[in-house]
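Asker: What follows is final-v6.csv, CSV, C-alpha atoms and all ligand atoms.
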```csv
chain,number,residue,atom,x,y,z
A,1,MET,CA,-45.8,-67.6,171.6
A,2,ILE,CA,-46.5,-63.9,171.2
A,3,ASN,CA,-49.4,-62.7,173.3
A,4,VAL,CA,-51.0,-59.3,172.9
A,5,ALA,CA,-53.5,-58.1,175.5
A,6,ILE,CA,-56.0,-55.5,174.5
A,7,ASP,CA,-58.3,-54.2,177.2
A,8,GLY,CA,-60.7,-51.2,177.4
A,9,PRO,CA,-64.3,-50.1,177.9
A,10,ALA,CA,-67.3,-51.1,175.7
A,11,GLY,CA,-67.4,-49.2,172.4
A,12,ALA,CA,-63.7,-48.3,172.1
A,13,GLY,CA,-63.6,-50.5,169.0
A,14,LYS,CA,-61.6,-53.4,170.6
A,15,SER,CA,-63.0,-56.2,168.6
A,16,SER,CA,-63.1,-54.6,165.1
A,17,ILE,CA,-59.6,-53.2,165.6
A,18,SER,CA,-58.2,-56.4,167.1
A,19,ARG,CA,-59.7,-58.7,164.5
A,20,ARG,CA,-58.1,-56.7,161.6
A,21,ALA,CA,-54.8,-56.2,163.4
A,22,ALA,CA,-54.6,-59.9,164.1
A,23,ALA,CA,-55.3,-60.7,160.4
A,24,THR,CA,-52.5,-58.4,159.3
A,25,LEU,CA,-50.0,-59.9,161.8
A,26,GLY,CA,-51.0,-63.5,161.1
A,27,PHE,CA,-52.1,-64.0,164.7
A,28,ILE,CA,-55.4,-65.4,165.9
A,29,TYR,CA,-57.9,-63.1,167.5
A,30,ILE,CA,-59.7,-64.2,170.7
A,31,ASP,CA,-62.8,-62.3,171.9
A,32,THR,CA,-63.1,-63.1,175.6
A,33,GLY,CA,-66.4,-61.2,176.0
A,34,ALA,CA,-67.9,-64.0,173.9
A,35,LEU,CA,-67.0,-66.5,176.7
A,36,TYR,CA,-68.9,-64.4,179.3
A,37,ARG,CA,-71.8,-64.0,176.9
A,38,THR,CA,-72.0,-67.8,176.5
A,39,VAL,CA,-72.1,-68.4,180.2
A,40,GLY,CA,-74.7,-65.6,180.5
A,41,LEU,CA,-76.9,-67.3,177.8
A,42,HIS,CA,-76.6,-70.6,179.6
A,43,ALA,CA,-77.8,-69.1,182.9
A,44,LEU,CA,-80.7,-67.4,181.1
A,45,ARG,CA,-81.7,-70.6,179.4
A,46,LEU,CA,-81.7,-72.4,182.8
A,47,GLY,CA,-84.0,-69.6,184.1
A,48,ALA,CA,-81.5,-68.5,186.7
A,49,ASP,CA,-81.6,-65.1,188.2
A,50,VAL,CA,-78.4,-63.7,186.8
A,51,LYS,CA,-78.2,-61.0,189.4
A,52,ASP,CA,-78.0,-63.7,192.1
A,53,PRO,CA,-74.3,-64.9,192.3
A,54,ALA,CA,-75.2,-68.2,194.1
A,55,ALA,CA,-77.8,-68.9,191.4
A,56,VAL,CA,-75.2,-68.2,188.6
A,57,GLU,CA,-72.6,-70.3,190.3
A,58,ALA,CA,-75.1,-73.2,190.5
A,59,CYS,CA,-75.2,-73.1,186.7
A,60,LEU,CA,-71.5,-74.1,186.4
A,61,THR,CA,-72.0,-77.8,186.6
A,62,GLY,CA,-70.2,-80.7,185.0
A,63,ASP,CA,-72.9,-80.6,182.2
A,64,LEU,CA,-71.7,-77.2,181.0
A,65,HIS,CA,-69.3,-77.2,178.0
A,66,VAL,CA,-68.2,-73.9,176.7
A,67,GLU,CA,-66.1,-74.3,173.7
A,68,LEU,CA,-64.4,-71.8,171.4
A,69,ARG,CA,-63.7,-73.1,167.8
A,70,PHE,CA,-62.2,-71.4,164.8
A,71,VAL,CA,-64.3,-71.9,161.6
A,72,ASN,CA,-62.7,-70.4,158.5
A,73,GLY,CA,-60.4,-68.4,160.8
A,74,GLU,CA,-63.4,-66.9,162.7
A,75,GLN,CA,-64.1,-67.5,166.3
A,76,ARG,CA,-67.4,-69.4,167.0
A,77,MET,CA,-68.8,-70.1,170.4
A,78,PHE,CA,-70.4,-73.5,171.2
A,79,LEU,CA,-72.6,-74.1,174.2
A,80,ASN,CA,-72.9,-77.8,174.9
A,81,GLY,CA,-72.2,-78.5,171.2
A,82,GLU,CA,-74.7,-75.9,169.8
A,83,ASP,CA,-73.3,-72.9,167.9
A,84,VAL,CA,-74.6,-69.9,169.9
A,85,SER,CA,-72.4,-67.2,168.1
A,86,ASP,CA,-75.4,-65.2,167.1
A,87,ALA,CA,-77.6,-66.0,170.1
A,88,ILE,CA,-75.0,-64.4,172.4
A,89,ARG,CA,-75.3,-61.0,170.7
A,90,THR,CA,-78.8,-60.0,171.8
A,91,PRO,CA,-79.3,-57.2,174.4
A,92,GLU,CA,-80.6,-59.8,176.9
A,93,ALA,CA,-77.4,-61.8,176.5
A,94,SER,CA,-75.3,-58.6,176.9
A,95,LEU,CA,-76.9,-57.8,180.2
A,96,ALA,CA,-76.6,-61.4,181.4
A,97,ALA,CA,-72.9,-61.4,180.4
A,98,SER,CA,-72.3,-58.3,182.4
A,99,ALA,CA,-74.0,-59.8,185.4
A,100,VAL,CA,-72.3,-63.2,185.4
A,101,SER,CA,-68.9,-61.6,184.7
A,102,ALA,CA,-69.0,-60.1,188.2
A,103,VAL,CA,-69.2,-63.6,189.8
A,104,PRO,CA,-65.8,-64.9,190.9
A,105,ALA,CA,-66.7,-68.5,190.1
A,106,VAL,CA,-67.5,-67.6,186.5
A,107,ARG,CA,-64.2,-65.8,186.1
A,108,ALA,CA,-62.3,-68.8,187.6
A,109,TYR,CA,-64.3,-71.1,185.3
A,110,LEU,CA,-63.2,-69.3,182.2
A,111,PHE,CA,-59.6,-68.5,183.3
A,112,ASP,CA,-57.9,-71.8,182.3
A,113,LEU,CA,-59.5,-71.8,178.9
A,114,GLN,CA,-58.2,-68.3,178.2
A,115,LYS,CA,-54.7,-69.3,179.5
A,116,GLN,CA,-54.6,-72.4,177.3
A,117,LEU,CA,-55.6,-70.6,174.1
A,118,ALA,CA,-52.8,-68.0,174.7
A,119,HIS,CA,-50.3,-70.7,175.5
A,120,GLU,CA,-50.9,-72.4,172.2
A,121,ASN,CA,-51.3,-69.5,169.8
A,122,ASN,CA,-49.7,-66.2,168.7
A,123,CYS,CA,-52.8,-64.2,169.6
A,124,ILE,CA,-54.4,-60.9,170.3
A,125,MET,CA,-56.8,-61.4,173.2
A,126,ASP,CA,-59.3,-58.7,174.0
A,127,GLY,CA,-61.3,-58.2,177.1
A,128,ARG,CA,-61.3,-56.2,180.3
A,129,ASP,CA,-58.7,-57.9,182.5
A,130,ILE,CA,-56.4,-59.6,180.0
A,131,GLY,CA,-53.3,-57.5,180.7
A,132,THR,CA,-54.0,-57.3,184.5
A,133,VAL,CA,-55.2,-60.9,185.4
A,134,VAL,CA,-55.3,-63.4,182.5
A,135,LEU,CA,-52.0,-62.7,180.7
A,136,PRO,CA,-49.9,-60.5,183.1
A,137,ASP,CA,-46.9,-61.7,181.1
A,138,ALA,CA,-48.2,-60.7,177.7
A,139,GLN,CA,-45.4,-59.2,175.6
A,140,VAL,CA,-47.6,-56.3,174.5
A,141,LYS,CA,-50.4,-54.7,176.5
A,142,ILE,CA,-52.7,-52.0,175.0
A,143,PHE,CA,-55.5,-50.2,176.8
A,144,LEU,CA,-57.8,-48.9,174.2
A,145,THR,CA,-60.1,-46.1,175.0
A,146,ALA,CA,-62.1,-43.2,173.6
A,147,SER,CA,-64.3,-40.5,175.1
A,148,PRO,CA,-67.8,-41.7,176.3
A,149,GLU,CA,-69.3,-39.5,173.6
A,150,ALA,CA,-67.2,-41.0,170.8
A,151,ARG,CA,-68.1,-44.5,172.0
A,152,ALA,CA,-71.8,-43.8,172.4
A,153,GLU,CA,-71.8,-42.3,168.9
A,154,ARG,CA,-70.4,-45.5,167.4
A,155,ARG,CA,-72.9,-47.7,169.3
A,156,TYR,CA,-75.8,-45.3,168.4
A,157,GLU,CA,-74.9,-45.6,164.6
A,158,GLU,CA,-74.6,-49.4,165.0
A,159,LEU,CA,-78.0,-49.7,166.6
A,160,LEU,CA,-79.7,-47.4,164.0
A,161,GLY,CA,-78.1,-49.5,161.3
A,162,LYS,CA,-79.8,-52.5,162.8
A,163,GLY,CA,-83.1,-50.6,162.5
A,164,MET,CA,-83.5,-50.0,166.2
A,165,ASP,CA,-85.3,-46.9,167.5
A,166,VAL,CA,-83.0,-45.4,170.1
A,167,LYS,CA,-82.1,-41.9,171.4
A,168,PHE,CA,-78.5,-40.8,171.5
A,169,GLU,CA,-78.9,-39.5,175.1
A,170,ASP,CA,-80.0,-43.0,176.2
A,171,VAL,CA,-77.1,-44.7,174.5
A,172,LEU,CA,-74.7,-42.3,176.2
A,173,ALA,CA,-76.3,-42.7,179.6
A,174,ASP,CA,-76.1,-46.5,179.2
A,175,MET,CA,-72.4,-46.3,178.2
A,176,ILE,CA,-71.5,-44.1,181.3
A,177,GLN,CA,-73.4,-46.5,183.6
A,178,ARG,CA,-71.6,-49.6,182.1
A,179,ASP,CA,-68.3,-47.9,182.5
A,180,TYR,CA,-69.0,-47.2,186.1
A,181,ASN,CA,-70.1,-50.8,186.7
A,182,ASP,CA,-67.1,-52.3,184.9
A,183,SER,CA,-64.6,-50.2,186.7
A,184,HIS,CA,-66.1,-50.4,190.2
A,185,ARG,CA,-66.8,-54.1,190.5
A,186,ALA,CA,-64.9,-55.9,193.2
A,187,ILE,CA,-63.3,-58.6,191.0
A,188,ALA,CA,-61.1,-57.9,188.0
A,189,PRO,CA,-62.3,-54.3,187.5
A,190,LEU,CA,-61.6,-52.5,184.2
A,191,LYS,CA,-58.3,-50.7,184.6
A,192,PRO,CA,-55.1,-50.4,182.6
A,193,ALA,CA,-52.2,-52.6,183.6
A,194,ASP,CA,-49.2,-50.6,185.0
A,195,ASP,CA,-47.2,-51.5,181.8
A,196,ALA,CA,-50.1,-51.0,179.3
A,197,ILE,CA,-49.7,-48.6,176.4
A,198,LEU,CA,-52.7,-46.2,176.4
A,199,LEU,CA,-54.3,-45.5,173.0
A,200,ASP,CA,-57.2,-43.2,172.5
A,201,THR,CA,-59.3,-43.8,169.3
A,202,SER,CA,-61.7,-40.8,169.7
A,203,GLY,CA,-62.1,-39.1,166.3
A,204,ASN,CA,-60.2,-41.8,164.4
A,205,THR,CA,-61.6,-43.8,161.5
A,206,LEU,CA,-61.5,-47.6,161.9
A,207,GLU,CA,-58.6,-47.7,159.4
A,208,GLN,CA,-56.6,-45.1,161.4
A,209,SER,CA,-57.1,-47.1,164.6
A,210,VAL,CA,-56.2,-50.4,163.0
A,211,GLU,CA,-53.0,-48.7,161.7
A,212,LEU,CA,-52.2,-47.3,165.1
A,213,VAL,CA,-52.7,-50.6,167.0
A,214,THR,CA,-50.8,-52.7,164.4
A,215,ARG,CA,-47.9,-50.3,164.4
A,216,THR,CA,-47.8,-50.2,168.2
A,217,ILE,CA,-47.8,-54.0,168.4
A,218,ARG,CA,-45.0,-54.3,165.8
A,219,GLU,CA,-42.9,-51.7,167.6
A,220,ASN,CA,-43.3,-53.3,171.0
A,221,MET,CA,-43.3,-57.1,170.3
A,222,PRO,CA,-40.1,-59.1,170.7
A,223,ARG,CA,-38.3,-59.8,167.4
A,301,LIG,O1,-66.8,-57.2,175.3
A,301,LIG,P1,-68.3,-57.7,175.5
A,301,LIG,O2,-69.3,-56.6,175.5
A,301,LIG,O3,-68.7,-58.8,174.5
A,301,LIG,O4,-68.3,-58.3,177.0
A,301,LIG,C1,-69.4,-58.8,177.6
A,301,LIG,C2,-69.4,-58.7,179.1
A,301,LIG,O5,-68.4,-59.5,179.6
A,301,LIG,C3,-69.1,-57.2,179.5
A,301,LIG,O6,-70.1,-56.8,180.4
A,301,LIG,C4,-67.8,-57.3,180.3
A,301,LIG,C5,-67.5,-58.7,180.5
A,301,LIG,N1,-66.1,-59.1,180.3
A,301,LIG,C6,-65.3,-59.2,181.3
A,301,LIG,O7,-65.7,-59.0,182.5
A,301,LIG,N2,-64.0,-59.6,181.2
A,301,LIG,C7,-63.5,-59.9,179.9
A,301,LIG,N3,-62.3,-60.3,179.8
A,301,LIG,C8,-64.4,-59.7,178.8
A,301,LIG,C9,-65.7,-59.3,179.0
```
Any chance you could give the structure as structure tokens?
Answerer:
Amino acid sequence: MINVAIDGPAGAGKSSISRRAAATLGFIYIDTGALYRTVGLHALRLGADVKDPAAVEACLTGDLHVELRFVNGEQRMFLNGEDVSDAIRTPEASLAASAVSAVPAVRAYLFDLQKQLAHENNCIMDGRDIGTVVLPDAQVKIFLTASPEARAERRYEELLGKGMDVKFEDVLADMIQRDYNDSHRAIAPLKPADDAILLDTSGNTLEQSVELVTRTIRENMPR
């Protein structure tokens, strides 16, 4: 199977770019952030303090079933049989995902599922630690980034589009804080694999970035 790992910070365009590149190449696209979001939502629903690692770990019982299914080619997330694909996109679920993703037991819990999916499919898997931890043998590894300003600009436009009342300065400050947290956590910090290809999408349109990523994968994958 051909496995492509795409890692990078929030707002670099990983998911939109990966989804389109995968469709062009005939691969499946796996969004691993959605797995952390599903565990985060589960912890929230149980009323756990997501900032308390022991409380989060206690949520990983035999009753928890996190499932990823493809419906019409699109990834959907199921939490104990319920489709939570929309529920995991709220700001609360984002914060919970960020908190639970720093808990080693959560990362271990999701590790096998990610490995299994990559073992069975030609795929582009995106996340933070795919090239470094989950798929260290991926045939192509890309670290996708953009300046904090460019990433904050995209997030700002997206939030305005959803009718939210936000200030650009706040979105930028939040982006810089998240970058710091993600790259300084003790476990699986965000960093490029030694053999990753670095691509910067600042100033690109989505189409240009999709073209760049698709071309990079084609040029570097085994034939
Ligand atoms: O990509 P995202 O915003 O949906 O990710 C949600 C959270 O999960 C984010 O705070 C980082 C974390 N995450 C991670 O630690 N490792 C991954 N492979 C993917 C996401």
Asker: From (-71.6, -41.9, 170.9), in the file's coordinates, out to 9 Å: which residues are reached, counting only C-alpha atoms? Answer as a PyMOL selection string.
Answerer: chain A and resi 11+147-157+168-169+171-172+175
Asker: Would you mind reading off the distance between atom CA of A:Ala5 and atom CA of A:His42, one decimal, in Å?
Answerer: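 These two atoms are separated by 26.6 Å.
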Asker: Taking only C-alpha atoms and all ligand atoms into account, which residues have an atom no farther than 6 Å from ligand LIG 301 (chain A)? I'd like them as a PyMOL selection string.
Answerer: chain A and resi 10+32-34+36-37+94+97-98+101+127-130
Asker: Find the residue from A:Val166, A:Ala186, A:Leu144, A:Ala193 that sits nearest to A:Val103; use only C-alpha atoms when measuring.
Answerer: A:Ala186
Asker: Name the closest residue to A:Val133 among the candidates A:Lys162, A:Glu74, A:Asp7, A:Cys59; distances are taken between atoms, counting all atoms listed in the file.
Answerer: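 That would be A:Asp7, the residue with the smallest distance to A:Val133.
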Asker: Find the distance between atom CA of A:Glu57 and atom CA of A:Ser15 and write it in Å to one decimal.
Answerer: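 Taking atom CA of A:Glu57 and atom CA of A:Ser15, their separation equals 27.6 Å.
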Asker: What separation in Å, quoted to one decimal, exists between atom CA of A:Ser209 and atom CA of A:Glu120?
Answerer: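 One can read the atom CA of A:Ser209 to atom CA of A:Glu120 distance as 27.1 Å.
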Asker: Give me the residues near A:Leu135 as number ranges by chain, where near means some atom within 10 Å (using all atoms listed in the file) and where sequence neighbours in that chain fewer than 5 positions away do not count.
Answerer: A: 3-5, 111, 114-115, 118-119, 125, 129-130, 140-141
Asker: Give the answer as one residue: which of A:Ala102, A:Met164, A:Leu68, A:Ile124 has the shortest atom-to-atom distance to A:Asn181, using only C-alpha atoms?
Answerer: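 Ranking A:Ala102, A:Met164, A:Leu68, A:Ile124 by distance to A:Asn181, first place goes to A:Ala102.
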Asker: Set the distance at 10 Å and use only C-alpha atoms: which residues neighbour A:Tyr29 once local chain neighbours fewer than 4 positions away are removed? I'd like the list as a PyMOL selection string.
Answerer: chain A and resi 4+15+18-23+70+73-75+121-126
Asker: Using only C-alpha atoms, which of A:Gly26, A:Gly62, A:Pro189, A:Pro9 sits nearest A:Thr132?
Answerer: A:Pro189
Asker: Rank nothing, just name the residue among A:Ala87, A:Leu35, A:Leu206, A:Ala105 nearest to A:Val56, using all atoms listed in the file.
Answerer: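 Smallest separation from A:Val56 among the options: A:Ala105.
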Asker: Fewer than 2 positions away in the same chain doesn't count, so skip those; otherwise give me all residues within 7 Å of A:Leu198, counting all atoms listed in the file, as a PyMOL selection string.
Answerer: chain A and resi 142-144+196+200
Asker: Find, counting all atoms listed in the file, the residue in A:Gly47, A:Gln139, A:Ala173, A:Glu158 that gets nearest to A:Arg223.
Answerer: A:Gln139
Asker: Can you tell me, as JSON, numbers by chain, what residues are no more than 12 Å from stretch 82-84 of chain A when counting only C-alpha atoms, ignoring any on the same chain fewer than 4 positions away?
Answerer: {"A": [34, 35, 37, 38, 39, 40, 41, 42, 45, 64, 65, 66, 67, 68, 69, 70, 71, 75, 76, 77, 78, 88, 89, 90, 93]}
Asker: Do a neighbour search on A:Ala58 at 10 Å with all atoms listed in the file, toss out local chain neighbours closer than 5 positions, and write the hits as a list of chain:residue names.
Answerer: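 Counting only the stated atoms, we get A:Ala43, A:Ala48, A:Pro53, A:Ala105.
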